[in-house]
Amino acid sequence: MSSENERQELEELVRTLNYHSYRYHVLDTPVISDYEYDKMLKRLLELEAAHPDWISPDSPSQRSGSGVLDKFVKVRHPGAVLSLANGFGAQDVRAWYERILRLDERVSQSGFVVEPKIDGLTVVLHYQDGRFVLGATRGDGVVGEDITTNLRTLRGVPLTIPVQAGGPNPPARLVVRGEAFMNVRDFDALNQRLLEAGEKTYLNPRNTAAGSLRQLDPALTASRPLRLLTYQILSADGPVPDTQWETLELLRGLGLPVTDHAVLVKDIEEAIEACQNWITQRDTLAYEADGAVIKLNNLRLAADLGVVGKDPRGALAFKFPAREVTTRLQGIGINVGRTGVLTPVANLEAVEVGGVVVKQATLHNFDYILEKDIRIGDRVLLKRAGDVIPYVIGPVVEQRDGSETPFTPPTVCPACGQPVEHLAGEVAWYCVNAACPAQLMRNIEHFVGRGSMDIVGLGTKIVEQLVDAGLVQDVADLYTLTRANLLDLEGFAGKKADNLLTSIETSRQQPLSRLINALGIREVGEVMAADLTRVYPDLEALSRATMDELQRIEGVGPNIAQAIVDWFTRPANQQVLAKLRAAGVWPRAALQAAPSGPQPLAGLTFVVTGTLEGFSRETVKEFIQQYGGKVTDSVTKKTDYLVAGESAGSKLDKARSLGVAVIDETRLRSLAAS
Ligand code: IVH
């Protein structure tokens, strides 16, 4: 390639990369994948290395990554918080190895540590005398933002590093670097919750983690299940380990969270093998990894090798193949959920992404389509991350030919044709027709589910068959199904039909609280259902409850009361109740007798989270109530104690951020006995 052509290519790359960087960092609407971006950047760096005099001040290689926001106090890092150079495949890794080997022959003896490259957000944590005193974002690598209060809410961030007998003791001052992120499952659950509440959903775990950490309200951060893994000591008083492997061991020994997936290998071929193994194994990680990081184990050597721009020579990011592709948006379908929320679904030209053929992807909500100006016929950028449902990032506007048509949100439900409604302050549109067939499917699935009537053997497929055959038009119809009905369905032999009928029969014994939960009243979950049974002995009594009366129950505000009253007012629901009653599915709850024993927990409000050893969910509630305490679903300032067991989730974070006392079951017992 002639020098003139190279110069043109370089200038074009600078322009293109700056444009995409702006789209990514400022507009938050990327139109190319990270992988494509990194590849172009790599090419630019090659050209700049060959012609250093062509480097312009506006080249992305000369610019700091993301800017520092003004709303948080700025923090100067004790040393540069570096980035990583990228490699794409074994050849790049070998080339990197040869390069650094030429610079220093000790490279051949160093060994390497290979770690997952977590797709999260770098954070810097300062400990003084074992206490967490300051936490910051990376910012531009020199100055970050003070997000101490938010980081305190992360379960993985130890607030103190205890001095341990026999264990390593923390240096007086210790600054560590790690990655804050969200597990894929937690992300899915969060989005599901937001969706059902009619709120905006998040794009991907990384954006959610970033957005949650930059909240000015730490209570919000606390309600997000963010995690942390640390991997580097940025600065410390006193000696620090000479190797990366020992660094990970020390961090782990100090009680900081460290990945279990790092491996120590002796040569570069083993390092490559470890990286390649991760390509197929990446979905076994609980979080998204966009690559593996190969680090020289000998940290002194790594330091001696120095940096190129912001990238240390002693480490390389081995990027996994892209899980972002572009494809054609052929149409937009509408899904109707159990609560009637309508969600748009992208129907795509089939495309392979990360080893899976994708034909559908989520478009989140109608505002999202309008905000991103996604049009039918557009080429769209699609991402599949871990087990997360694929989603459309946005249109590739540059590739439009004018034939694309803007999308108009529906005014009627696509399943039943009834008008849709929009609640003030929510992004979601709802179909409010209780007889809507699409809702019916979701409703039945919920009704038969585990926390509800627990009808074993009634999966989605069978529900679909029953609805399609017209055998079930509401949940009450399940109780009038006959053996002959079932035998008419495809795939139903005698035994399968008998088993299902037995499960349905058994479900009649479920207590009232299960049945209330099963009805799928908005805002009424398992705990609330159980609370209602303490006041209302059956569905008849509950159906007559007034707003005022309901709001006298602990934990019931105007929204919940309204949702309950609305549900029972609807004629279709009244009909379901009548049918359930006629079918004999009409459990009654024994109203609680006034508590008789000592009431040491009187006036105290508890929330329970995680798995307890000596109690089930139900028995711990009964225990607390027996001693006069109240149990509610969510942690608020009014909560006196959070009883936390194993694998406690976001409630624990929330309690900590609000200063609510966290106790275990032993302490609960002693409180009750006091
Ligand atoms: S080491 C000198 N290790 O990847 C140390 N980085 O693309 C340089 N990252 O900004 C970083 N997991 O936020 C390192 N195990 C890991 C990592 C990791 C994720 C992130 C980090 C960095 C980015 C570079």
# chains A, B, ... in the order shown; residues from 1 in each chain; ligands from 1

call {"tool": "residues_near_ligand", "arguments": {"ligand": "ligand 1", "cutoff": "9 Å", "atoms": "only C-alpha atoms and all ligand atoms", "output": "PyMOL selection string"}}
result
chain A and resi 80-86+114-123+138+141+177-180+229-232+234+259+262+289-295+310-317

call {"tool": "write_last_selection", "arguments": {"atoms": "C-alpha atoms", "output": "mmCIF file, in the first residue's frame"}}
result
data_model
loop_
_atom_site.group_PDB
_atom_site.id
_atom_site.type_symbol
_atom_site.label_atom_id
_atom_site.label_comp_id
_atom_site.auth_asym_id
_atom_site.auth_seq_id
_atom_site.Cartn_x
_atom_site.Cartn_y
_atom_site.Cartn_z
ATOM 1 C CA ALA A 80 -2.516 5.267 36.308
ATOM 2 C CA VAL A 81 -5.541 3.000 35.986
ATOM 3 C CA LEU A 82 -4.477 1.435 32.726
ATOM 4 C CA SER A 83 -6.415 -0.171 29.943
ATOM 5 C CA LEU A 84 -5.548 -3.234 27.869
ATOM 6 C CA ALA A 85 -4.447 -3.841 24.301
ATOM 7 C CA ASN A 86 -6.688 -6.257 22.414
ATOM 8 C CA VAL A 114 -5.236 -16.079 32.471
ATOM 9 C CA GLU A 115 -8.365 -14.494 33.939
ATOM 10 C CA PRO A 116 -11.869 -13.940 32.585
ATOM 11 C CA LYS A 117 -12.295 -10.428 31.228
ATOM 12 C CA ILE A 118 -15.433 -9.343 33.008
ATOM 13 C CA ASP A 119 -17.669 -7.052 31.002
ATOM 14 C CA GLY A 120 -18.312 -4.562 33.760
ATOM 15 C CA LEU A 121 -16.970 -1.318 35.059
ATOM 16 C CA THR A 122 -13.553 -0.703 36.604
ATOM 17 C CA VAL A 123 -13.681 0.529 40.173
ATOM 18 C CA ARG A 138 -11.954 4.794 36.440
ATOM 19 C CA GLY A 141 -7.562 6.675 34.147
ATOM 20 C CA ARG A 177 -8.722 -2.319 41.373
ATOM 21 C CA GLY A 178 -11.629 -4.497 40.417
ATOM 22 C CA GLU A 179 -14.599 -4.843 38.172
ATOM 23 C CA ALA A 180 -18.171 -4.089 39.253
ATOM 24 C CA LEU A 229 -14.239 -9.047 41.603
ATOM 25 C CA THR A 230 -10.802 -7.587 42.298
ATOM 26 C CA TYR A 231 -7.599 -8.371 40.423
ATOM 27 C CA GLN A 232 -4.949 -5.720 40.955
ATOM 28 C CA LEU A 234 -2.742 -0.290 42.439
ATOM 29 C CA THR A 259 -12.425 -14.916 40.562
ATOM 30 C CA ALA A 262 -7.992 -17.639 37.034
ATOM 31 C CA ALA A 289 -17.125 -12.020 29.810
ATOM 32 C CA ASP A 290 -16.043 -10.382 26.581
ATOM 33 C CA GLY A 291 -12.653 -12.034 26.570
ATOM 34 C CA ALA A 292 -9.866 -13.428 28.697
ATOM 35 C CA VAL A 293 -6.925 -11.430 30.000
ATOM 36 C CA ILE A 294 -3.418 -12.861 29.699
ATOM 37 C CA LYS A 295 -1.090 -11.318 32.251
ATOM 38 C CA LYS A 310 -2.715 3.515 28.128
ATOM 39 C CA ASP A 311 -1.960 -0.164 27.600
ATOM 40 C CA PRO A 312 0.556 -2.039 29.717
ATOM 41 C CA ARG A 313 2.902 -4.185 27.615
ATOM 42 C CA GLY A 314 2.715 -6.950 30.188
ATOM 43 C CA ALA A 315 -0.928 -7.923 29.582
ATOM 44 C CA LEU A 316 -3.220 -8.593 26.647
ATOM 45 C CA ALA A 317 -6.991 -8.887 26.295
#

call {"tool": "select_by_dssp", "arguments": {"residues": "range 148-348 of chain A", "states": "strand (DSSP E or B)", "output": "JSON, numbers by chain"}}
result
{"A": [160, 173, 174, 175, 176, 177, 178, 179, 180, 181, 182, 226, 227, 228, 229, 230, 231, 232, 233, 234, 235, 236, 243, 263, 264, 265, 289, 290, 291, 292, 293, 294, 295, 296, 298, 307, 308, 311, 312, 315, 316, 317, 318, 319, 324, 325, 326, 327, 328, 329, 330, 331, 332, 333, 334, 335, 336, 341, 342, 343, 344, 345, 346, 347, 348]}

call {"tool": "residues_around", "arguments": {"residues": "Ser3 in chain A", "least_positions_apart": "2", "cutoff": "12 Å", "atoms": "only C-alpha atoms", "output": "list in words"}}
result
Met1, Asn5, Glu6, Arg7, Gln8, Glu9, Leu10, Leu47, Ala50, His51 and Trp54 of chain A

call {"tool": "write_last_selection", "arguments": {"atoms": "N, CA and C atoms", "output": "tab-separated table (two decimals), in the first residue's frame"}}
result
chain	number	residue	atom	x	y	z
A	1	MET	N	0.85	-1.19	0.00
A	1	MET	CA	0.00	0.00	0.00
A	1	MET	C	0.89	1.25	0.00
A	5	ASN	N	-1.93	6.26	0.35
A	5	ASN	CA	-3.13	5.48	0.68
A	5	ASN	C	-3.21	5.20	2.17
A	6	GLU	N	-2.06	4.88	2.74
A	6	GLU	CA	-2.04	4.60	4.18
A	6	GLU	C	-2.46	5.83	4.98
A	7	ARG	N	-1.98	6.95	4.53
A	7	ARG	CA	-2.32	8.18	5.23
A	7	ARG	C	-3.84	8.42	5.17
A	8	GLN	N	-4.38	8.19	3.99
A	8	GLN	CA	-5.83	8.37	3.83
A	8	GLN	C	-6.60	7.39	4.72
A	9	GLU	N	-6.11	6.16	4.74
A	9	GLU	CA	-6.77	5.15	5.56
A	9	GLU	C	-6.74	5.57	7.03
A	10	LEU	N	-5.58	6.07	7.45
A	10	LEU	CA	-5.43	6.49	8.85
A	10	LEU	C	-6.41	7.61	9.19
A	47	LEU	N	-1.03	1.53	12.12
A	47	LEU	CA	-0.62	2.58	11.19
A	47	LEU	C	0.13	3.69	11.94
A	50	ALA	N	3.61	2.67	12.72
A	50	ALA	CA	4.50	2.72	11.56
A	50	ALA	C	4.82	4.17	11.17
A	51	HIS	N	3.91	5.08	11.48
A	51	HIS	CA	4.12	6.49	11.09
A	51	HIS	C	3.80	7.39	12.27
A	54	TRP	N	2.43	10.94	11.94
A	54	TRP	CA	1.07	11.20	11.44
A	54	TRP	C	0.04	11.26	12.56

call {"tool": "residues_around", "arguments": {"residues": "Pro52 in chain A", "least_positions_apart": "5", "cutoff": "12 Å", "atoms": "only C-alpha atoms", "output": "list in words"}}
result
Arg7, Leu10, Leu44, Leu45, Glu46, Leu47, Pro57, Ser59, Ser61 and Gln62 of chain A

call {"tool": "write_last_selection", "arguments": {"atoms": "N, CA, C and O atoms", "output": "short mmCIF file (atom, residue, chain, number, x, y, z; two decimals), in the first residue's frame"}}
result
data_model
loop_
_atom_site.label_atom_id
_atom_site.label_comp_id
_atom_site.auth_asym_id
_atom_site.auth_seq_id
_atom_site.Cartn_x
_atom_site.Cartn_y
_atom_site.Cartn_z
N ARG A 7 -1.98 6.95 4.53
CA ARG A 7 -2.32 8.18 5.23
C ARG A 7 -3.84 8.42 5.17
O ARG A 7 -4.47 8.79 6.16
N LEU A 10 -5.58 6.07 7.45
CA LEU A 10 -5.43 6.49 8.85
C LEU A 10 -6.41 7.61 9.19
O LEU A 10 -7.11 7.57 10.20
N LEU A 44 -5.69 1.15 13.31
CA LEU A 44 -5.20 2.53 13.45
C LEU A 44 -3.89 2.54 14.24
O LEU A 44 -2.93 3.23 13.86
N LEU A 45 -3.86 1.77 15.32
CA LEU A 45 -2.65 1.76 16.16
C LEU A 45 -1.46 1.23 15.36
O LEU A 45 -0.33 1.71 15.51
N GLU A 46 -1.74 0.24 14.51
CA GLU A 46 -0.65 -0.29 13.67
C GLU A 46 -0.11 0.80 12.75
O GLU A 46 1.10 1.00 12.64
N LEU A 47 -1.03 1.53 12.12
CA LEU A 47 -0.62 2.58 11.19
C LEU A 47 0.13 3.69 11.94
O LEU A 47 1.14 4.21 11.46
N PRO A 57 -3.64 14.99 17.17
CA PRO A 57 -4.08 15.12 18.57
C PRO A 57 -5.50 14.59 18.77
O PRO A 57 -5.86 14.24 19.89
N SER A 59 -6.70 11.85 17.49
CA SER A 59 -6.78 10.40 17.30
C SER A 59 -7.31 9.75 18.58
O SER A 59 -6.96 10.18 19.68
N SER A 61 -6.38 7.27 19.90
CA SER A 61 -5.25 6.76 20.69
C SER A 61 -4.72 7.83 21.64
O SER A 61 -4.02 7.52 22.61
N GLN A 62 -5.03 9.08 21.36
CA GLN A 62 -4.50 10.18 22.17
C GLN A 62 -5.52 10.69 23.18
O GLN A 62 -5.24 11.61 23.93
#

call {"tool": "select_by_dssp", "arguments": {"residues": "range 283-511 of chain A", "states": "helix (DSSP H, G or I)", "output": "ChimeraX atom specification"}}
result
/A:283-284,299-305,366-371,397-399,437-448,460-468,475-480,483-487,494-507

call {"tool": "closest_atom_pairs", "arguments": {"of": "range 275-342 of chain A", "to": "range 236-256 of chain A", "cutoff": "9 Å", "atoms": "only C-alpha atoms", "output": "tab-separated table"}}
result
residue	atom	partner	partner_atom	distance
A:Lys295	CA	A:Gln244	CA	7.5
A:Leu296	CA	A:Gln244	CA	7.4
A:Asn297	CA	A:Gln244	CA	4.9
A:Asn298	CA	A:Thr243	CA	4.7
A:Leu299	CA	A:Thr243	CA	5.0
A:Arg300	CA	A:Asp242	CA	6.2

call {"tool": "atom_distance", "arguments": {"atom1": "CA of Ile504 in chain A", "atom2": "CA of Ala583 in chain A"}}
result
11.9 Å

call {"tool": "residues_around", "arguments": {"residues": "range 526-534 of chain A", "least_positions_apart": "3", "cutoff": "7 Å", "atoms": "only C-alpha atoms", "output": "PyMOL selection string"}}
result
chain A and resi 451+512-513+516-517+537+589+591-592+633

call {"tool": "closest_residue", "arguments": {"among": "A:His422, A:Leu329, A:Thr208, A:Pro437", "to": "Gly394 in chain A", "atoms": "only C-alpha atoms"}}
result
A:Leu329

call {"tool": "residues_around", "arguments": {"residues": "Asn204 in chain A", "least_positions_apart": "4", "cutoff": "12 Å", "atoms": "only C-alpha atoms", "output": "ChimeraX atom specification"}}
result
/A:119-120,181-188,190-191,208-211,287-288,362,364,382-393

call {"tool": "residues_around", "arguments": {"residues": "Ile624 in chain A", "least_positions_apart": "5", "cutoff": "10 Å", "atoms": "only C-alpha atoms", "output": "list of chain:residue names"}}
result
A:Gln599, A:Pro600, A:Leu601, A:Ala602, A:Leu604, A:Thr605, A:Phe606, A:Thr619, A:Gly629, A:Lys630, A:Val631, A:Leu668, A:Arg669, A:Leu671, A:Ala672

call {"tool": "closest_residue", "arguments": {"among": "A:Tyr627, A:Tyr97, A:Tyr641, A:Phe366", "to": "Asn335 in chain A", "atoms": "only C-alpha atoms"}}
result
A:Phe366

call {"tool": "atom_distance", "arguments": {"atom1": "CA of Thr153 in chain A", "atom2": "CA of Leu213 in chain A"}}
result
9.6 Å

call {"tool": "closest_residue", "arguments": {"among": "A:Gly525, A:Pro414, A:Pro158, A:Pro511", "to": "His446 in chain A", "atoms": "only C-alpha atoms"}}
result
A:Gly525

call {"tool": "atom_distance", "arguments": {"atom1": "CA of Arg508 in chain A", "atom2": "CA of Ala469 in chain A"}}
result
23.6 Å
